[in-house]
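For reference, entry31.cif (mmCIF, C-alpha atoms and all ligand atoms):
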data_final
#
loop_
_atom_site.label_atom_id
_atom_site.label_comp_id
_atom_site.auth_asym_id
_atom_site.auth_seq_id
_atom_site.Cartn_x
_atom_site.Cartn_y
_atom_site.Cartn_z
CA MET W 1 25.16 2.86 3.68
CA ARG W 2 22.27 3.28 6.07
CA ALA W 3 21.43 0.84 8.85
CA CYS W 4 18.40 -1.45 8.58
CA PRO W 5 15.27 0.66 9.28
CA ASN W 6 13.68 -2.36 10.94
CA CYS W 7 16.33 -3.44 13.45
CA GLY W 8 19.28 -1.01 13.22
CA ASN W 9 21.74 -3.68 12.07
CA LYS W 10 24.42 -2.51 9.64
CA GLU W 11 25.47 -5.83 8.12
CA TYR W 12 23.80 -6.93 4.93
CA LYS W 13 24.01 -9.36 2.06
CA GLU W 14 23.84 -7.67 -1.35
CA ARG W 15 20.85 -8.81 -3.43
CA ILE W 16 20.47 -6.36 -6.32
CA ARG W 17 22.80 -3.65 -7.61
CA GLU W 18 21.48 -1.15 -10.15
CA LYS W 19 23.71 1.72 -11.25
CA ASP W 20 25.01 3.03 -7.90
CA PHE W 21 22.09 1.77 -5.87
CA ILE W 22 22.40 -1.27 -3.66
CA ILE W 23 19.54 -3.36 -2.33
CA GLY W 24 20.62 -5.66 0.45
CA GLU W 25 19.17 -8.14 2.92
CA CYS W 26 19.72 -7.27 6.57
CA LYS W 27 21.71 -9.95 8.39
CA GLY W 28 19.90 -9.05 11.60
CA CYS W 29 16.20 -9.28 10.76
CA GLY W 30 16.13 -10.36 7.10
CA LEU W 31 14.47 -7.19 5.74
CA THR W 32 15.52 -6.37 2.18
CA TYR W 33 15.96 -2.60 1.81
CA LEU W 34 17.57 0.12 -0.28
CA LEU W 35 20.88 0.94 1.37
CA ASN W 36 21.59 4.31 -0.28
CA PRO W 37 18.26 6.01 -1.05
CA PRO W 38 18.11 9.28 -3.02
CA ASP W 39 16.68 12.45 -1.49
CA GLU W 40 12.94 12.09 -0.78
CA LYS W 41 11.61 15.55 -1.54
CA GLU W 42 12.15 15.90 -5.27
CA ILE W 43 11.19 12.47 -6.55
CA TYR W 44 7.42 12.70 -6.07
CA GLU W 45 6.81 15.92 -7.99
CA ASP W 46 5.92 14.05 -11.17
CA TYR W 47 5.24 10.60 -9.72
CA TYR W 48 1.63 10.48 -10.90
CA THR W 49 1.08 10.72 -14.64
CA ILE W 50 -2.52 11.85 -15.02
CA GLU W 51 -3.34 11.55 -18.70
CA PHE W 52 -7.00 10.58 -18.12
CA LYS W 53 -10.21 12.44 -17.26
CA GLY W 54 -12.20 11.89 -14.07
CA ASP W 55 -14.97 9.86 -15.69
CA ASP W 56 -12.47 7.59 -17.49
CA TYR W 57 -12.29 5.70 -14.21
CA ARG W 58 -15.01 3.08 -14.75
CA LYS W 59 -15.58 -0.57 -15.59
CA ASP W 60 -15.66 0.00 -19.37
CA SER W 61 -12.92 2.67 -19.40
CA PRO W 62 -11.15 3.52 -22.68
CA TYR W 63 -7.94 2.93 -20.69
CA GLU W 64 -7.40 -0.77 -19.94
CA HIS W 65 -5.33 -0.08 -16.82
CA LEU W 66 -8.15 2.08 -15.40
CA SER W 67 -10.72 -0.71 -15.96
CA GLU W 68 -8.35 -3.02 -14.10
CA ILE W 69 -7.83 -0.58 -11.24
CA PHE W 70 -11.61 -0.09 -11.12
CA GLU W 71 -12.09 -3.86 -10.70
CA ILE W 72 -9.23 -4.15 -8.19
CA ASN W 73 -10.73 -1.34 -6.11
CA ARG W 74 -14.16 -3.00 -6.31
CA GLN W 75 -12.58 -6.09 -4.74
CA ARG W 76 -10.82 -3.96 -2.10
CA VAL W 77 -14.09 -2.29 -1.16
CA ALA W 78 -15.80 -5.70 -0.92
CA PHE W 79 -12.95 -6.88 1.35
CA ILE W 80 -13.33 -3.85 3.62
CA ARG W 81 -17.07 -4.33 3.72
CA SER W 82 -16.61 -7.95 4.82
CA LEU W 83 -14.19 -6.84 7.56
CA THR W 84 -16.32 -3.98 8.79
CA GLN W 85 -19.35 -6.25 8.99
CA GLN W 86 -17.38 -8.38 11.45
CA VAL W 87 -15.84 -5.50 13.39
CA PHE W 88 -18.55 -2.84 13.41
CA LYS W 89 -21.56 -5.14 13.45
CA SER W 90 -24.15 -2.52 14.30
CA ALA W 91 -22.46 0.46 12.66
CA GLY W 92 -23.22 -0.50 9.05
CA ASN W 93 -21.28 1.87 6.82
CA ASN W 94 -20.96 4.33 9.65
CA PHE W 95 -17.19 4.12 10.06
CA THR W 96 -14.38 6.49 9.10
CA LEU W 97 -11.67 5.44 6.65
CA LEU W 98 -8.37 7.17 5.95
CA ASP W 99 -6.39 6.23 2.84
CA ILE W 100 -2.69 7.06 3.28
CA GLY W 101 -1.08 7.76 -0.10
CA CYS W 102 -4.46 8.26 -1.78
CA GLY W 103 -2.96 9.67 -5.01
CA THR W 104 -5.62 10.64 -7.53
CA GLY W 105 -8.32 9.27 -5.24
CA LEU W 106 -9.48 6.31 -7.34
CA PHE W 107 -9.79 3.93 -4.39
CA LEU W 108 -11.58 6.60 -2.34
CA LYS W 109 -13.92 7.27 -5.24
CA SER W 110 -14.89 3.58 -5.20
CA CYS W 111 -15.38 3.83 -1.42
CA THR W 112 -17.76 6.78 -1.69
CA ALA W 113 -19.75 4.90 -4.33
CA ALA W 114 -20.17 2.19 -1.66
CA GLY W 115 -21.33 4.79 0.89
CA PHE W 116 -18.22 4.86 3.09
CA ARG W 117 -17.13 8.10 4.82
CA VAL W 118 -13.58 8.60 3.66
CA SER W 119 -10.63 10.97 3.52
CA GLY W 120 -7.10 10.73 2.21
CA ILE W 121 -3.61 12.17 2.40
CA ASP W 122 -0.81 12.28 -0.16
CA VAL W 123 2.37 14.21 -0.96
CA SER W 124 1.53 14.98 -4.61
CA MET W 125 -0.35 18.28 -5.06
CA ASN W 126 -1.19 17.36 -8.67
CA ALA W 127 -2.84 14.14 -7.61
CA LEU W 128 -4.69 15.80 -4.71
CA ASN W 129 -6.05 18.54 -6.97
CA PHE W 130 -7.29 15.91 -9.42
CA ALA W 131 -9.05 14.01 -6.61
CA ARG W 132 -10.71 17.19 -5.31
CA GLU W 133 -11.79 18.58 -8.65
CA ASN W 134 -13.06 15.35 -10.18
CA TYR W 135 -14.42 13.40 -7.23
CA LYS W 136 -15.03 16.11 -4.58
CA LEU W 137 -12.99 14.07 -2.12
CA ASP W 138 -11.81 15.19 1.32
CA VAL W 139 -8.07 14.87 0.64
CA SER W 140 -5.07 16.88 1.79
CA SER W 141 -1.30 17.05 1.97
CA LYS W 142 -1.35 16.71 5.76
CA THR W 143 1.29 14.47 7.29
CA LEU W 144 0.75 11.78 9.90
CA ASP W 145 2.30 14.20 12.42
CA ASP W 146 -0.37 16.80 11.51
CA LEU W 147 -3.17 14.26 12.03
CA LEU W 148 -1.65 13.16 15.35
CA LYS W 149 -1.48 16.79 16.55
CA GLU W 150 -5.11 17.32 15.57
CA GLY W 151 -6.07 14.23 17.59
CA LYS W 152 -7.71 12.59 14.56
CA LYS W 153 -8.76 8.92 14.90
CA TYR W 154 -10.05 6.52 12.25
CA ASP W 155 -11.81 3.14 12.26
CA ILE W 156 -10.08 1.86 9.13
CA ILE W 157 -6.75 2.99 7.68
CA THR W 158 -5.59 1.72 4.30
CA MET W 159 -2.08 1.82 2.82
CA TRP W 160 -2.15 0.40 -0.71
CA HIS W 161 1.44 0.23 -1.98
CA VAL W 162 2.73 2.94 0.36
CA LEU W 163 4.75 1.23 3.08
CA GLU W 164 7.47 0.16 0.64
CA HIS W 165 8.05 3.86 -0.25
CA ILE W 166 8.64 4.98 3.32
CA MET W 167 12.20 5.51 4.55
CA ASN W 168 11.51 4.35 8.13
CA PRO W 169 8.40 2.14 8.07
CA VAL W 170 8.50 1.28 11.78
CA GLU W 171 8.54 4.94 12.84
CA GLU W 172 5.68 5.83 10.47
CA LEU W 173 3.64 2.82 11.55
CA LYS W 174 3.87 3.99 15.17
CA LYS W 175 2.22 7.24 14.03
CA VAL W 176 -0.43 5.28 12.11
CA ARG W 177 -1.12 3.33 15.31
CA GLY W 178 -1.65 6.67 17.05
CA ILE W 179 -4.44 7.75 14.70
CA LEU W 180 -6.22 4.38 14.63
CA LYS W 181 -9.21 4.03 16.96
CA GLU W 182 -9.20 1.33 19.59
CA GLY W 183 -10.61 -1.73 17.83
CA GLY W 184 -9.86 -0.23 14.40
CA LEU W 185 -8.07 -1.95 11.55
CA LEU W 186 -5.09 -1.18 9.34
CA ILE W 187 -4.97 -2.74 5.87
CA VAL W 188 -1.55 -2.83 4.19
CA GLU W 189 -0.73 -4.03 0.70
CA VAL W 190 2.83 -4.16 -0.66
CA PRO W 191 4.67 -5.88 -3.54
CA ASN W 192 5.80 -9.37 -2.58
CA LEU W 193 9.53 -10.07 -2.69
CA ASN W 194 8.79 -13.79 -2.55
CA SER W 195 6.50 -13.63 -5.57
CA VAL W 196 6.95 -15.92 -8.54
CA LYS W 197 7.16 -12.75 -10.64
CA PHE W 198 10.18 -11.49 -8.71
CA ARG W 199 11.87 -14.88 -8.85
CA LEU W 200 11.42 -14.99 -12.64
CA SER W 201 12.17 -11.36 -13.51
CA GLY W 202 14.70 -10.29 -10.88
CA LYS W 203 15.88 -6.76 -11.55
CA LYS W 204 13.11 -6.20 -14.08
CA TRP W 205 10.48 -7.02 -11.44
CA LYS W 206 7.75 -4.39 -11.79
CA GLY W 207 6.89 -4.49 -8.09
CA GLY W 208 10.47 -3.40 -7.41
CA ASN W 209 10.11 0.13 -8.73
CA HIS W 210 13.67 0.52 -7.62
CA PRO W 211 15.95 2.25 -7.09
CA LEU W 212 14.11 5.58 -7.04
CA TYR W 213 10.88 4.95 -5.17
CA HIS W 214 10.96 1.78 -3.15
CA ARG W 215 12.85 1.66 0.15
CA SER W 216 11.81 -1.73 1.56
CA PHE W 217 11.06 -5.01 -0.22
CA PHE W 218 8.84 -7.11 2.00
CA THR W 219 8.16 -10.80 2.35
CA ALA W 220 5.23 -12.06 4.45
CA GLY W 221 7.71 -12.55 7.31
CA THR W 222 9.45 -9.18 7.24
CA LEU W 223 6.15 -7.33 6.71
CA LYS W 224 4.73 -8.94 9.82
CA ASP W 225 7.92 -8.15 11.76
CA THR W 226 7.78 -4.48 10.69
CA LEU W 227 4.10 -4.20 11.66
CA ILE W 228 4.75 -5.70 15.09
CA LYS W 229 7.67 -3.30 15.68
CA GLY W 230 5.34 -0.48 14.58
CA GLY W 231 2.92 -1.38 17.39
CA PHE W 232 0.46 -3.72 15.67
CA SER W 233 0.36 -6.83 17.83
CA LYS W 234 -2.30 -8.69 15.84
CA THR W 235 -1.45 -9.28 12.20
CA GLU W 236 -3.18 -11.57 9.76
CA LEU W 237 -2.14 -12.30 6.18
CA ARG W 238 -5.22 -11.87 3.97
CA ASN W 239 -3.87 -11.91 0.42
CA LEU W 240 -6.32 -10.55 -2.14
CA PRO W 241 -5.90 -12.44 -5.44
CA TYR W 242 -7.47 -9.74 -7.66
CA ILE W 243 -9.10 -12.05 -10.16
CA LEU W 244 -9.48 -10.15 -13.47
CA GLU W 245 -11.87 -11.73 -15.99
CA ASN W 246 -10.21 -10.17 -19.04
CA LYS W 247 -6.93 -11.93 -18.19
CA GLY W 248 -8.37 -15.37 -18.84
CA PHE W 249 -8.69 -18.68 -16.99
CA LEU W 250 -5.03 -19.72 -16.77
CA TYR W 251 -3.86 -16.35 -15.45
CA ASN W 252 -6.52 -16.35 -12.77
CA GLN W 253 -6.04 -19.99 -11.77
CA SER W 254 -2.28 -19.57 -11.39
CA LYS W 255 -2.85 -16.40 -9.35
CA LYS W 256 -5.13 -18.32 -7.01
CA VAL W 257 -2.46 -20.98 -6.47
CA PHE W 258 0.38 -18.45 -6.02
CA ASN W 259 -1.81 -16.50 -3.66
CA LYS W 260 -2.45 -19.51 -1.46
CA PHE W 261 1.30 -19.90 -0.94
CA SER W 262 1.96 -16.14 -0.55
CA ALA W 263 3.82 -16.20 -3.87
CA ASP W 264 1.48 -13.84 -5.76
CA ALA W 265 2.51 -10.31 -6.74
CA PHE W 266 1.10 -8.61 -3.64
CA LEU W 267 0.88 -9.23 0.09
CA ASP W 268 -2.13 -8.00 2.07
CA VAL W 269 -2.13 -7.82 5.84
CA LYS W 270 -4.90 -6.90 8.25
CA ALA W 271 -3.40 -5.48 11.44
CA SER W 272 -4.66 -4.07 14.72
ZN ZN T 301 17.25 -5.60 10.08
#
Starting from the coordinates I provided, produce the structure as structure tokens.
Amino acid sequence: MRACPNCGNKEYKERIREKDFIIGECKGCGLTYLLNPPDEKEIYEDYYTIEFKGDDYRKDSPYEHLSEIFEINRQRVAFIRSLTQQVFKSAGNNFTLLDIGCGTGLFLKSCTAAGFRVSGIDVSMNALNFARENYKLDVSSKTLDDLLKEGKKYDIITMWHVLEHIMNPVEELKKVRGILKEGGLLIVEVPNLNSVKFRLSGKKWKGGNHPLYHRSFFTAGTLKDTLIKGGFSKTELRNLPYILENKGFLYNQSKKVFNKFSADAFLDVKAS
């Protein structure tokens, strides 16, 4: 069993066991993590199932999940615009954004529609090819080490549902810190271990995606701790509720309430 990637402690309390995989809570720092992860390299070959065409990504998409992602990304872009208006007052849209784990490029596509200058990195060649061919995006399979060596720096870095996949989040965050401009912002979104959904569904929790893909299972507290250890001294919880009209009034109202108490499905943090 591996030591806690956040604090190095080896003692844990078992929380979920699935087949041979054990997810435990570190007795040192409280991070919940996968104790015996499978080999990294092979599992992302067919991670993205791309059964849609480039222009299926739109508000009135024939695929319901794509319409939802389109709306979610619209809200993410609006969030970034509100932040950049505070941070880069005179720059307008003239900032650089890097999306780590950009996948098929849907979020970046929404960014370019808003006029942002963006690029992305991912490990899946399939997904990167799709993003290039369909949306003409500047995306590559470069690693954070590559970008550090090249001396690249960005104003905004986004990690939507990426940090929970990373074996050693603290080490990777230190690299992210190294490619963020002074005064720049990192936006991180992860599944929320303290969500009502997790409490109700336990092992069947969709945000778990365990045991294959997810390595860490964050709460607001452990996410903040990990970010601070990764070199981000200022962190602010800014949960995005992702109100979706097609889901109806009750769904959206309950999301708003859960969100207020950091019990919604996702956690969003702004860090610098
Ligand atoms: Zn720990």
Close residues to ligand ZN 301 (chain T) using all atoms listed in the file, limit 8 Å, as a compact mmCIF listing (two decimals) with C-alpha atoms, in the coordinates of the input:
# COMPACT_ATOMS: atom_id res chain seq x y z
CA ALA W 3 21.43 0.84 8.85
CA CYS W 4 18.40 -1.45 8.58
CA PRO W 5 15.27 0.66 9.28
CA ASN W 6 13.68 -2.36 10.94
CA CYS W 7 16.33 -3.44 13.45
CA GLY W 8 19.28 -1.01 13.22
CA ASN W 9 21.74 -3.68 12.07
CA LYS W 10 24.42 -2.51 9.64
CA GLU W 25 19.17 -8.14 2.92
CA CYS W 26 19.72 -7.27 6.57
CA LYS W 27 21.71 -9.95 8.39
CA GLY W 28 19.90 -9.05 11.60
CA CYS W 29 16.20 -9.28 10.76
CA GLY W 30 16.13 -10.36 7.10
CA LEU W 31 14.47 -7.19 5.74
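Of the residues listed (W:Phe249, W:Phe258, W:Phe52, W:Phe217), W:Phe217 shows the shortest atom-to-atom separation from Thr32 (chain W); distances use all atoms listed in the file.
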Can you list every residue of region 84-154 of chain W that has an atom at most 12 Å from region 65-68 of chain W, with its nearest atom pair and the distance in Å to one decimal, using only C-alpha atoms, ordered by chain then number, as a Markdown table?
| residue | atom | partner | partner_atom | distance |
| --- | --- | --- | --- | --- |
| W:Thr104 | CA | W:Leu66 | CA | 11.9 |
| W:Leu106 | CA | W:Leu66 | CA | 9.2 |
| W:Phe107 | CA | W:Leu66 | CA | 11.3 |
Fill in: Who sits within 7 Å of region 161-175 of chain W, all atoms listed in the file, same chain under 6 positions skipped, as a list of chain:residue names
W:Pro5, W:Asn6, W:Gly101, W:Leu144, W:Glu189, W:Val190, W:Tyr213, W:His214, W:Arg215, W:Ser216, W:Phe217, W:Thr226, W:Lys229, W:Gly230, W:Gly231
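The nearest approach to Phe261 (chain W) among the residues W:Lys153, W:Lys204, W:Arg238, W:Arg58, with only C-alpha atoms taken into account, belongs to W:Arg238.
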